[in-house]
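Participant: Sharing data_13.csv (CSV, C-alpha atoms and all ligand atoms) below.
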chain,number,residue,atom,x,y,z
A,76,MET,CA,94.9,89.3,64.4
A,77,SER,CA,98.7,89.2,63.8
A,78,VAL,CA,101.0,86.9,65.7
A,79,GLU,CA,102.5,90.0,67.3
A,80,SER,CA,99.2,91.4,68.6
A,81,GLU,CA,98.1,87.9,69.8
A,82,LYS,CA,101.2,87.7,71.9
A,83,ARG,CA,100.4,91.1,73.4
A,84,CYS,CA,96.9,89.9,74.6
A,85,GLY,CA,97.0,89.7,78.4
A,86,GLU,CA,100.7,90.7,78.5
A,87,VAL,CA,101.9,92.8,81.4
A,88,ARG,CA,104.4,95.3,80.3
A,89,VAL,CA,106.8,97.0,82.7
A,90,MET,CA,108.0,100.2,81.1
A,91,PRO,CA,111.7,101.0,81.5
A,92,ASP,CA,110.9,104.4,83.2
A,93,ALA,CA,113.2,106.7,85.1
A,94,PRO,CA,114.5,105.1,88.3
A,95,MET,CA,112.0,105.6,91.2
A,96,VAL,CA,112.9,107.2,94.5
A,97,ASP,CA,111.2,107.1,97.9
A,98,VAL,CA,109.5,110.4,98.5
A,99,MET,CA,110.0,110.0,102.3
A,100,GLY,CA,113.7,109.5,101.8
A,101,GLY,CA,113.6,105.9,103.1
A,102,ALA,CA,112.1,106.9,106.5
A,103,SER,CA,109.4,104.8,108.1
A,104,ARG,CA,108.4,107.7,110.3
A,105,ILE,CA,108.9,111.5,110.3
A,106,GLU,CA,107.8,113.0,113.5
A,107,ARG,CA,107.1,116.5,114.9
A,108,ARG,CA,106.5,117.1,118.6
A,109,VAL,CA,103.3,119.1,119.3
A,110,LEU,CA,102.0,120.6,122.6
A,111,ASP,CA,103.5,119.1,125.8
A,112,HIS,CA,103.1,115.4,125.2
A,113,GLY,CA,101.7,115.2,121.6
A,114,PHE,CA,103.2,114.4,118.3
A,115,VAL,CA,102.2,114.0,114.7
A,116,ALA,CA,104.2,111.5,112.6
A,117,LEU,CA,104.0,110.9,108.9
A,118,ILE,CA,104.2,107.1,108.6
A,119,ASP,CA,103.4,106.5,104.9
A,120,CYS,CA,102.1,108.1,101.8
A,121,MET,CA,100.9,107.3,98.3
A,122,PRO,CA,102.6,107.5,95.9
A,123,ARG,CA,105.5,106.4,98.0
A,124,MET,CA,107.8,106.3,95.0
A,125,ALA,CA,108.3,109.0,92.4
A,126,PRO,CA,110.4,109.1,89.2
A,127,GLU,CA,113.8,110.4,90.0
A,128,GLY,CA,113.8,114.2,89.9
A,129,LYS,CA,110.1,114.5,90.6
A,130,THR,CA,108.0,114.8,93.8
A,131,ALA,CA,104.7,113.0,94.6
A,132,ASP,CA,103.1,115.9,92.7
A,133,TYR,CA,103.7,113.7,89.7
A,134,SER,CA,100.7,111.5,90.7
A,135,ILE,CA,98.3,114.5,90.5
A,136,VAL,CA,99.6,115.4,87.0
A,137,GLN,CA,99.4,111.7,85.9
A,138,ALA,CA,95.7,111.5,87.0
A,139,ALA,CA,94.8,114.8,85.4
A,140,ARG,CA,96.3,113.7,82.1
A,141,VAL,CA,94.1,110.7,82.0
A,142,SER,CA,91.1,113.0,81.9
A,143,TYR,CA,92.6,115.7,79.8
A,144,GLY,CA,94.6,113.5,77.5
A,145,GLU,CA,97.6,114.4,75.4
A,146,GLY,CA,96.3,117.9,74.8
A,147,THR,CA,97.5,119.0,78.2
A,148,LYS,CA,101.1,118.3,77.4
A,149,GLN,CA,101.1,121.0,74.8
A,150,VAL,CA,99.9,123.8,77.1
A,151,ASN,CA,100.9,122.8,80.6
A,152,GLU,CA,104.1,121.7,82.3
A,153,ASP,CA,103.5,119.9,85.6
A,154,ARG,CA,103.5,123.0,87.9
A,155,GLY,CA,101.2,124.9,85.6
A,156,LEU,CA,98.8,122.0,85.5
A,157,VAL,CA,98.7,121.5,89.2
A,158,ARG,CA,98.1,125.2,89.8
A,159,TYR,CA,95.4,125.3,87.2
A,160,LEU,CA,93.6,122.3,88.8
A,161,LEU,CA,93.7,123.8,92.3
A,162,ARG,CA,92.6,127.2,91.1
A,163,HIS,CA,89.7,125.7,89.2
A,164,ARG,CA,88.7,123.3,92.0
A,165,HIS,CA,89.3,120.3,89.7
A,166,THR,CA,89.7,118.2,92.9
A,167,THR,CA,89.8,114.5,92.0
A,168,PRO,CA,93.5,114.4,90.9
A,169,PHE,CA,94.5,115.6,94.4
A,170,GLU,CA,92.6,112.5,95.8
A,171,MET,CA,95.3,110.3,94.1
A,172,VAL,CA,97.8,111.4,96.8
A,173,GLU,CA,97.3,110.1,100.3
A,174,PHE,CA,99.0,110.6,103.7
A,175,LYS,CA,98.9,108.4,106.8
A,176,PHE,CA,99.7,110.0,110.1
A,177,HIS,CA,100.2,108.7,113.7
A,178,VAL,CA,98.9,111.4,116.0
A,179,ALA,CA,98.8,111.8,119.8
A,180,MET,CA,96.6,114.6,121.0
A,181,PRO,CA,94.3,115.6,123.9
A,182,ILE,CA,90.8,114.3,123.7
A,183,PHE,CA,89.3,117.8,123.3
A,184,VAL,CA,91.5,118.2,120.2
A,185,ALA,CA,90.5,114.8,118.9
A,186,ARG,CA,86.8,115.8,119.2
A,187,GLN,CA,87.3,118.7,116.8
A,188,TRP,CA,89.5,116.6,114.5
A,189,ILE,CA,87.1,113.7,114.2
A,190,ARG,CA,84.5,116.0,112.7
A,191,HIS,CA,86.5,115.7,109.4
A,192,ARG,CA,84.6,112.8,108.1
A,193,THR,CA,86.6,112.1,104.9
A,194,ALA,CA,89.6,110.5,106.7
A,195,ASN,CA,90.1,106.9,107.8
A,196,VAL,CA,90.7,106.6,111.5
A,197,ASN,CA,91.9,103.9,113.9
A,198,GLU,CA,92.0,105.1,117.5
A,199,TYR,CA,93.6,103.7,120.7
A,200,SER,CA,91.0,101.7,122.6
A,201,ALA,CA,90.5,102.8,126.2
A,202,ARG,CA,88.1,99.9,126.5
A,203,TYR,CA,90.8,97.4,125.6
A,204,SER,CA,93.9,99.1,127.2
A,205,ILE,CA,94.7,101.4,130.1
A,206,VAL,CA,94.8,105.1,129.2
A,207,PRO,CA,98.5,106.3,129.5
A,208,ASP,CA,99.2,109.0,132.1
A,209,ARG,CA,99.5,112.0,129.8
A,210,PHE,CA,97.5,115.2,130.2
A,211,TYR,CA,97.7,118.5,128.4
A,212,ARG,CA,98.6,121.4,130.5
A,213,PRO,CA,99.1,124.8,128.8
A,214,THR,CA,102.0,126.9,129.8
A,215,PRO,CA,101.0,129.8,132.1
A,216,GLU,CA,101.6,132.3,129.2
A,217,ALA,CA,99.3,130.3,127.0
A,218,ILE,CA,96.2,130.6,129.3
A,219,ARG,CA,94.0,132.7,127.1
A,220,ALA,CA,91.2,135.0,128.3
A,221,GLN,CA,87.7,134.7,126.8
A,222,SER,CA,87.5,136.9,123.7
A,223,GLN,CA,84.9,139.6,123.9
A,224,SER,CA,84.4,139.9,120.2
A,225,ASN,CA,84.3,136.2,119.3
A,226,ARG,CA,82.3,133.9,121.6
A,227,GLN,CA,84.2,130.9,120.3
A,228,GLY,CA,87.7,132.1,120.9
A,229,GLY,CA,90.4,133.3,123.3
A,230,ASP,CA,92.1,136.7,123.2
A,231,GLY,CA,95.1,137.8,125.2
A,232,ILE,CA,95.9,136.1,128.4
A,233,VAL,CA,94.4,136.1,131.9
A,234,ASP,CA,96.2,137.6,134.9
A,235,ALA,CA,99.0,135.6,136.6
A,236,GLY,CA,96.9,134.8,139.7
A,237,THR,CA,94.0,133.4,137.6
A,238,ALA,CA,96.5,131.4,135.5
A,239,GLU,CA,98.0,129.9,138.6
A,240,GLU,CA,94.6,128.8,140.0
A,241,PHE,CA,93.5,127.4,136.7
A,242,LEU,CA,96.7,125.3,136.5
A,243,ALA,CA,96.0,124.1,140.0
A,244,LEU,CA,92.5,123.0,138.8
A,245,LEU,CA,94.0,121.1,135.9
A,246,GLU,CA,96.4,119.4,138.3
A,247,ARG,CA,93.5,118.3,140.5
A,248,ALA,CA,91.7,116.9,137.5
A,249,GLU,CA,94.9,115.0,136.6
A,250,GLY,CA,94.8,113.6,140.1
A,251,LEU,CA,91.8,111.6,139.1
A,252,TYR,CA,94.2,109.3,137.1
A,253,LYS,CA,95.3,107.4,140.2
A,254,ASP,CA,91.6,106.8,141.2
A,255,TYR,CA,91.0,105.7,137.6
A,256,LEU,CA,93.8,103.2,137.9
A,257,GLY,CA,92.6,102.1,141.3
A,258,PHE,CA,89.1,101.3,140.1
A,259,THR,CA,90.4,99.3,137.1
A,260,GLU,CA,92.5,97.3,139.6
A,261,ARG,CA,89.4,96.7,141.7
A,262,GLY,CA,87.6,95.3,138.7
A,263,VAL,CA,85.7,98.2,137.2
A,264,ALA,CA,85.6,97.7,133.4
A,265,ARG,CA,88.1,100.0,131.6
A,266,GLU,CA,85.3,101.2,129.4
A,267,LEU,CA,83.6,102.7,132.4
A,268,ALA,CA,86.5,103.7,134.5
A,269,ARG,CA,87.8,106.0,131.8
A,270,THR,CA,84.7,108.2,132.1
A,271,ALA,CA,86.3,109.7,135.2
A,272,LEU,CA,89.2,111.2,133.2
A,273,PRO,CA,89.2,114.8,131.9
A,274,VAL,CA,89.3,115.7,128.2
A,275,SER,CA,92.8,116.9,128.7
A,276,VAL,CA,94.0,113.3,128.6
A,277,TYR,CA,95.8,112.2,125.5
A,278,THR,CA,94.6,109.7,122.9
A,279,GLU,CA,96.3,108.4,119.8
A,280,TRP,CA,95.1,107.4,116.3
A,281,TYR,CA,96.2,106.6,112.8
A,282,TRP,CA,94.6,109.1,110.4
A,283,LYS,CA,94.7,108.7,106.7
A,284,CYS,CA,93.4,111.2,104.3
A,285,ASP,CA,93.8,112.1,100.6
A,286,LEU,CA,95.3,115.4,99.6
A,287,HIS,CA,92.1,117.1,98.5
A,288,ASN,CA,90.4,116.5,101.9
A,289,LEU,CA,93.6,117.2,103.7
A,290,PHE,CA,93.8,120.6,102.1
A,291,HIS,CA,90.2,121.2,103.2
A,292,PHE,CA,91.2,120.1,106.8
A,293,LEU,CA,94.3,122.3,106.8
A,294,SER,CA,92.5,125.4,105.4
A,295,LEU,CA,90.0,125.2,108.3
A,296,ARG,CA,92.5,124.2,111.0
A,297,MET,CA,95.5,126.3,110.1
A,298,ASP,CA,93.1,129.3,110.0
A,299,PRO,CA,93.5,131.8,112.8
A,300,HIS,CA,89.9,131.1,113.8
A,301,ALA,CA,90.8,127.5,114.7
A,302,GLN,CA,91.6,126.8,118.3
A,303,HIS,CA,95.4,127.1,119.0
A,304,GLU,CA,95.6,123.5,120.3
A,305,ILE,CA,94.5,122.0,117.0
A,306,ARG,CA,96.2,124.7,114.8
A,307,VAL,CA,99.6,123.6,116.0
A,308,TYR,CA,98.9,120.0,114.8
A,309,ALA,CA,97.7,121.3,111.4
A,310,ASP,CA,100.8,123.4,111.1
A,311,ALA,CA,103.0,120.4,111.9
A,312,MET,CA,101.2,118.2,109.4
A,313,TYR,CA,101.6,120.8,106.7
A,314,GLU,CA,105.4,121.0,107.5
A,315,LEU,CA,105.6,117.2,107.0
A,316,LEU,CA,103.7,117.1,103.7
A,317,ARG,CA,105.2,120.2,102.1
A,318,PRO,CA,108.4,118.6,100.9
A,319,ILE,CA,106.5,115.6,99.5
A,320,VAL,CA,104.1,117.6,97.4
A,321,PRO,CA,105.8,121.1,97.1
A,322,ILE,CA,104.0,122.1,93.9
A,323,ALA,CA,100.5,121.3,95.3
A,324,CYS,CA,101.4,123.1,98.5
A,325,GLU,CA,102.6,126.2,96.7
A,326,ALA,CA,99.3,126.3,94.8
A,327,PHE,CA,97.4,125.7,98.1
A,328,GLU,CA,99.1,128.6,99.7
A,329,ASP,CA,98.5,130.9,96.7
A,330,TYR,CA,94.9,129.9,95.9
A,331,ARG,CA,93.4,128.7,99.3
A,332,LEU,CA,95.4,129.5,102.4
A,333,GLY,CA,96.4,133.0,101.4
A,334,ALA,CA,93.4,133.7,99.3
A,335,MET,CA,90.2,135.6,100.2
A,336,HIS,CA,86.6,134.9,99.5
A,337,LEU,CA,84.5,137.9,98.6
A,338,THR,CA,80.7,137.8,98.8
A,339,ARG,CA,78.4,139.4,96.3
A,340,LEU,CA,77.7,142.2,98.7
A,341,GLU,CA,81.4,142.8,99.3
A,342,ILE,CA,82.2,143.0,95.6
A,343,GLU,CA,79.4,145.5,95.2
A,344,ALA,CA,80.5,147.6,98.1
A,345,ILE,CA,84.1,147.7,96.8
A,346,ARG,CA,83.0,148.4,93.2
A,347,THR,CA,80.7,151.3,94.1
A,348,ALA,CA,82.7,152.5,97.2
A,349,ALA,CA,79.4,152.3,99.1
A,350,PRO,CA,78.7,150.8,102.5
A,351,LEU,CA,78.0,147.1,102.7
A,352,ALA,CA,74.3,146.5,102.1
A,353,THR,CA,73.6,144.8,105.4
A,354,THR,CA,73.0,145.8,109.0
A,355,ASN,CA,74.6,142.6,110.3
A,356,LYS,CA,77.4,143.7,112.6
A,357,ARG,CA,79.5,140.6,112.2
A,358,GLU,CA,79.3,140.7,108.5
A,359,ILE,CA,80.3,144.3,108.5
A,360,ALA,CA,83.3,143.6,110.8
A,361,GLU,CA,84.4,140.7,108.5
A,362,PHE,CA,84.2,143.0,105.5
A,363,GLU,CA,86.2,145.7,107.3
A,364,ALA,CA,88.9,143.1,108.1
A,365,LYS,CA,89.1,142.2,104.4
A,366,CYS,CA,89.4,145.8,103.4
A,367,ASP,CA,92.2,146.2,105.9
A,368,GLN,CA,93.9,143.1,104.5
A,369,LEU,CA,93.6,144.4,101.0
A,370,GLY,CA,94.8,147.8,102.0
A,371,ILE,CA,91.8,149.6,100.7
A,372,PRO,CA,89.7,152.2,102.5
A,373,ARG,CA,86.7,150.8,104.4
A,374,ALA,CA,83.8,151.7,102.1
A,375,GLY,CA,81.2,154.1,103.4
A,401,LIG,C1,86.6,127.4,113.5
A,401,LIG,C2,85.7,126.3,113.5
A,401,LIG,C3,84.6,126.3,114.4
A,401,LIG,C4,83.7,125.2,114.5
A,401,LIG,N1,82.7,125.3,115.4
A,401,LIG,C5,81.8,124.3,115.5
A,401,LIG,C6,80.7,124.3,116.5
A,401,LIG,O1,80.6,125.2,117.3
A,401,LIG,N2,79.9,123.2,116.6
A,401,LIG,C7,80.1,122.1,115.7
A,401,LIG,O2,79.3,121.2,115.8
A,401,LIG,N3,81.0,122.1,114.8
A,401,LIG,C8,81.9,123.1,114.7
A,401,LIG,N4,82.9,123.1,113.8
A,401,LIG,C9,83.0,121.9,112.9
A,401,LIG,C10,82.5,122.2,111.5
A,401,LIG,O3,81.1,122.5,111.5
A,401,LIG,C11,82.7,120.9,110.6
A,401,LIG,O4,82.0,119.8,111.1
A,401,LIG,C12,84.2,120.6,110.5
A,401,LIG,O5,85.0,121.7,110.2
A,401,LIG,C13,84.4,119.6,109.4
A,401,LIG,O6,84.1,120.2,108.2
A,401,LIG,P1,83.6,119.5,106.9
A,401,LIG,O7,82.3,118.8,107.2
A,401,LIG,O8,83.6,120.4,105.8
A,401,LIG,O9,84.8,118.4,106.7
A,401,LIG,P2,84.7,116.9,106.2
A,401,LIG,O10,83.9,116.1,107.2
A,401,LIG,O11,86.1,116.5,106.1
A,401,LIG,O12,84.0,116.9,104.9
A,401,LIG,C14,84.7,117.5,103.7
A,401,LIG,C15,83.6,117.8,102.7
A,401,LIG,O13,83.0,116.6,102.3
A,401,LIG,C16,81.7,116.7,102.1
A,401,LIG,N5,80.9,115.8,103.0
A,401,LIG,C17,81.5,115.0,104.0
A,401,LIG,N6,80.6,114.3,104.5
A,401,LIG,C18,79.4,114.7,104.0
A,401,LIG,C19,78.0,114.3,104.3
A,401,LIG,N7,77.7,113.3,105.1
A,401,LIG,N8,77.1,114.9,103.6
A,401,LIG,C20,77.4,115.9,102.7
A,401,LIG,N9,78.6,116.3,102.4
A,401,LIG,C21,79.6,115.7,103.1
A,401,LIG,C22,81.3,118.2,102.4
A,401,LIG,O14,81.4,118.9,101.2
A,401,LIG,C23,82.5,118.6,103.3
A,401,LIG,O15,82.8,120.0,103.3
A,401,LIG,C24,83.8,124.1,113.7
A,401,LIG,C25,84.9,124.1,112.7
A,401,LIG,C26,85.8,125.1,112.7
A,401,LIG,C27,86.9,125.0,111.7
Take the structure in the file and write it out as structure tokens.
Facilitator:
Amino acid sequence: MSVESEKRCGEVRVMPDAPMVDVMGGASRIERRVLDHGFVALIDCMPRMAPEGKTADYSIVQAARVSYGEGTKQVNEDRGLVRYLLRHRHTTPFEMVEFKFHVAMPIFVARQWIRHRTANVNEYSARYSIVPDRFYRPTPEAIRAQSQSNRQGGDGIVDAGTAEEFLALLERAEGLYKDYLGFTERGVARELARTALPVSVYTEWYWKCDLHNLFHFLSLRMDPHAQHEIRVYADAMYELLRPIVPIACEAFEDYRLGAMHLTRLEIEAIRTAAPLATTNKREIAEFEAKCDQLGIPRAG
């Protein structure tokens, strides 16, 4: 071993790279208001610093180049590589980017949100602290009627009289708050007293997720099939992360959000201009919607 290589053993080398810049522009919190009392705030991300002139997308590229090696440099510039990775579902490089949000949302929204198991969550404790007096109340124009075609959704709005009575019902439910407070003052444990509160009450949490799983969350919750009250949060989160990873977001829009999945039966129907080979009404309706979106005649 030469003297030079001996000296290098265990040596930590700091490369004189391009100057690094904060991808959040020096902010400790970037917030969007959502619903009547809610918010979603980006409070941190990884990487937090990127070489000057680059975005946090660089971290995806950096990770991918470890697996692909020098070869990728010849055929791909950064944007092309990110787009290739997303198109081909090579997902792990996207896990190198993480986002931490502070969110306030009604409990019925939180219940849908928490189903996304790949995030790290710390929620406000209503056992430890008094629940703040914040309840979600839709505007009268936002009181949707039950959809007749989709058992899980709303469609159009109810008549003005029904909307008014429904809002009065929500107000009565909110009235339980003073009883809740009263019973905590009389010594009922907070963990039990809270059970009298409706699911329109707001909770808060810190929610951290990597970009791969965040894209999965967003593709489900920005979708028109998602409930409006969670969709507005997903839209706001997307607005916050887009400037930080613009290349990945562009690829996400092109290959996931704005893309369409075709089943084997659908491909066959389009190829042969024959009816879809099923009697399932829902499946046929979904296929027809795809034909409309593609601007092609409904086969059969
Ligand atoms: C429009 C809509 C309607 C819905 N309706 C209902 C409903 O009526 N009832 C209901 O209960 N839920 C409903 N859900 C919730 C849904 O079933 C999922 O629980 C939720 O969307 C989270 O999806 P996920 O499991 O893919 O996400 P995540 O939990 O974030 O997981 C991401 C991915 O990681 C993998 N993964 C994570 N954990 C595991 C695990 N333990 N085992 C194996 N793989 C894992 C899976 O590949 C998964 O897709 C609905 C969701 C949407 C968007």
Participant: In Å to one decimal, how far is atom CA of Thr214 of chain A from atom CA of Leu117 of chain A?
Facilitator: 26.4 Å
Participant: May I have the residues within 8 Å of Val206 of chain A as a PDB file with C-alpha atoms, in the frame of the given file, using only C-alpha atoms and disregarding those fewer than 3 positions away in the same chain?
Facilitator:
ATOM      1  CA  ALA A 201      90.500 102.800 126.200  1.00  0.00           C
ATOM      2  CA  ARG A 269      87.800 106.000 131.800  1.00  0.00           C
ATOM      3  CA  THR A 278      94.600 109.700 122.900  1.00  0.00           C
TER       4      THR A 278
END
Participant: To one decimal place in Å, what is the distance between atom CA of Gly155 of chain A and atom CA of Leu315 of chain A?
Facilitator: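 Atom CA of Leu315 of chain A lies 23.2 Å from atom CA of Gly155 of chain A.
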Participant: Pick the closest to Tyr277 of chain A from A:Tyr203, A:Tyr211, A:Tyr252, A:Tyr159: which is it, counting all atoms listed in the file?
Facilitator: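 Result for the nearest residue to Tyr277 of chain A: A:Tyr211.
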Participant: So which residues touch Phe176 of chain A within 7 Å, counting all atoms listed in the file, skipping near sequence neighbours fewer than 3 positions away, as a PyMOL selection string?
Facilitator: chain A and resi 115-118+281-283
Participant: So, counting all atoms listed in the file, which residue among A:Ala334, A:Ala185, A:Ala264, A:Ala311 is closest to Trp280 of chain A?
Facilitator: A:Ala185
Participant: How far is it from atom CA of Asp153 of chain A to atom CA of Cys324 of chain A, in Å with one decimal?
Facilitator: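 Computed distance, atom CA of Asp153 of chain A to atom CA of Cys324 of chain A, equals 13.5 Å.
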Participant: Can you tell me, as a list in words, what residues are no more than 8 Å from Leu110 of chain A when counting all atoms listed in the file, ignoring any on the same chain fewer than 2 positions away?
Facilitator: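 After dropping sequence-adjacent residues, the list is Arg108, His112, Gly113, Phe114, Tyr211, Glu304 and Val307 of chain A.
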Participant: Per residue of chain A within 10 Å of ligand LIG 401 (chain A), what are the shortest atom pair and its distance in Å to one decimal, counting only C-alpha atoms and all ligand atoms, with rows by chain and residue number, as a tab-separated table?
Facilitator:
residue	atom	partner	partner_atom	distance
A:Arg186	CA	A:LIG401	C9	9.6
A:Gln187	CA	A:LIG401	C9	6.6
A:Trp188	CA	A:LIG401	C12	7.8
A:Ile189	CA	A:LIG401	O10	8.1
A:Arg190	CA	A:LIG401	O4	4.8
A:His191	CA	A:LIG401	O11	3.4
A:Arg192	CA	A:LIG401	O10	3.5
A:Thr193	CA	A:LIG401	O11	4.6
A:Ala194	CA	A:LIG401	O11	7.0
A:Arg226	CA	A:LIG401	O1	9.9
A:Gln227	CA	A:LIG401	O1	7.4
A:Gly228	CA	A:LIG401	C1	8.8
A:Cys284	CA	A:LIG401	O11	9.2
A:His287	CA	A:LIG401	C14	9.1
A:Asn288	CA	A:LIG401	O11	6.0
A:Leu289	CA	A:LIG401	O11	7.9
A:Phe290	CA	A:LIG401	O11	9.6
A:His291	CA	A:LIG401	C14	6.6
A:Phe292	CA	A:LIG401	O11	6.3
A:Leu293	CA	A:LIG401	C27	9.3
A:Ser294	CA	A:LIG401	C27	8.4
A:Leu295	CA	A:LIG401	C27	4.6
A:Arg296	CA	A:LIG401	C27	5.7
A:Met297	CA	A:LIG401	C27	8.8
A:Asp298	CA	A:LIG401	C1	7.6
A:Pro299	CA	A:LIG401	C1	8.2
A:His300	CA	A:LIG401	C1	5.0
A:Ala301	CA	A:LIG401	C1	4.4
A:Gln302	CA	A:LIG401	C1	7.0
A:Ile305	CA	A:LIG401	C27	9.7
A:Arg306	CA	A:LIG401	C27	9.8
Participant: Write out as a list in words which residues come within 7 Å of Pro126 of chain A when counting only C-alpha atoms, dropping same-chain ones fewer than 5 positions away.
Facilitator: Ala93, Pro94, Met95 and Val96 of chain A
Participant: Near Val320 of chain A, counting all atoms listed in the file, which residues have an atom at most 12 Å away, once you skip same-chain residues fewer than 5 positions from it, shown as a PDB file with C-alpha atoms, in the coordinates of the input?
Facilitator:
ATOM      1  CA  VAL A  98     109.500 110.400  98.500  1.00  0.00           C
ATOM      2  CA  MET A  99     110.000 110.000 102.300  1.00  0.00           C
ATOM      3  CA  CYS A 120     102.100 108.100 101.800  1.00  0.00           C
ATOM      4  CA  MET A 121     100.900 107.300  98.300  1.00  0.00           C
ATOM      5  CA  PRO A 122     102.600 107.500  95.900  1.00  0.00           C
ATOM      6  CA  ARG A 123     105.500 106.400  98.000  1.00  0.00           C
ATOM      7  CA  ALA A 125     108.300 109.000  92.400  1.00  0.00           C
ATOM      8  CA  LYS A 129     110.100 114.500  90.600  1.00  0.00           C
ATOM      9  CA  THR A 130     108.000 114.800  93.800  1.00  0.00           C
ATOM     10  CA  ALA A 131     104.700 113.000  94.600  1.00  0.00           C
ATOM     11  CA  ASP A 132     103.100 115.900  92.700  1.00  0.00           C
ATOM     12  CA  TYR A 133     103.700 113.700  89.700  1.00  0.00           C
ATOM     13  CA  SER A 134     100.700 111.500  90.700  1.00  0.00           C
ATOM     14  CA  ILE A 135      98.300 114.500  90.500  1.00  0.00           C
ATOM     15  CA  VAL A 136      99.600 115.400  87.000  1.00  0.00           C
ATOM     16  CA  ARG A 154     103.500 123.000  87.900  1.00  0.00           C
ATOM     17  CA  VAL A 157      98.700 121.500  89.200  1.00  0.00           C
ATOM     18  CA  PHE A 169      94.500 115.600  94.400  1.00  0.00           C
ATOM     19  CA  MET A 171      95.300 110.300  94.100  1.00  0.00           C
ATOM     20  CA  VAL A 172      97.800 111.400  96.800  1.00  0.00           C
ATOM     21  CA  GLU A 173      97.300 110.100 100.300  1.00  0.00           C
ATOM     22  CA  PHE A 174      99.000 110.600 103.700  1.00  0.00           C
ATOM     23  CA  LEU A 286      95.300 115.400  99.600  1.00  0.00           C
ATOM     24  CA  PHE A 290      93.800 120.600 102.100  1.00  0.00           C
ATOM     25  CA  TYR A 313     101.600 120.800 106.700  1.00  0.00           C
ATOM     26  CA  GLU A 314     105.400 121.000 107.500  1.00  0.00           C
ATOM     27  CA  LEU A 315     105.600 117.200 107.000  1.00  0.00           C
ATOM     28  CA  GLU A 325     102.600 126.200  96.700  1.00  0.00           C
ATOM     29  CA  ALA A 326      99.300 126.300  94.800  1.00  0.00           C
ATOM     30  CA  PHE A 327      97.400 125.700  98.100  1.00  0.00           C
TER      31      PHE A 327
END
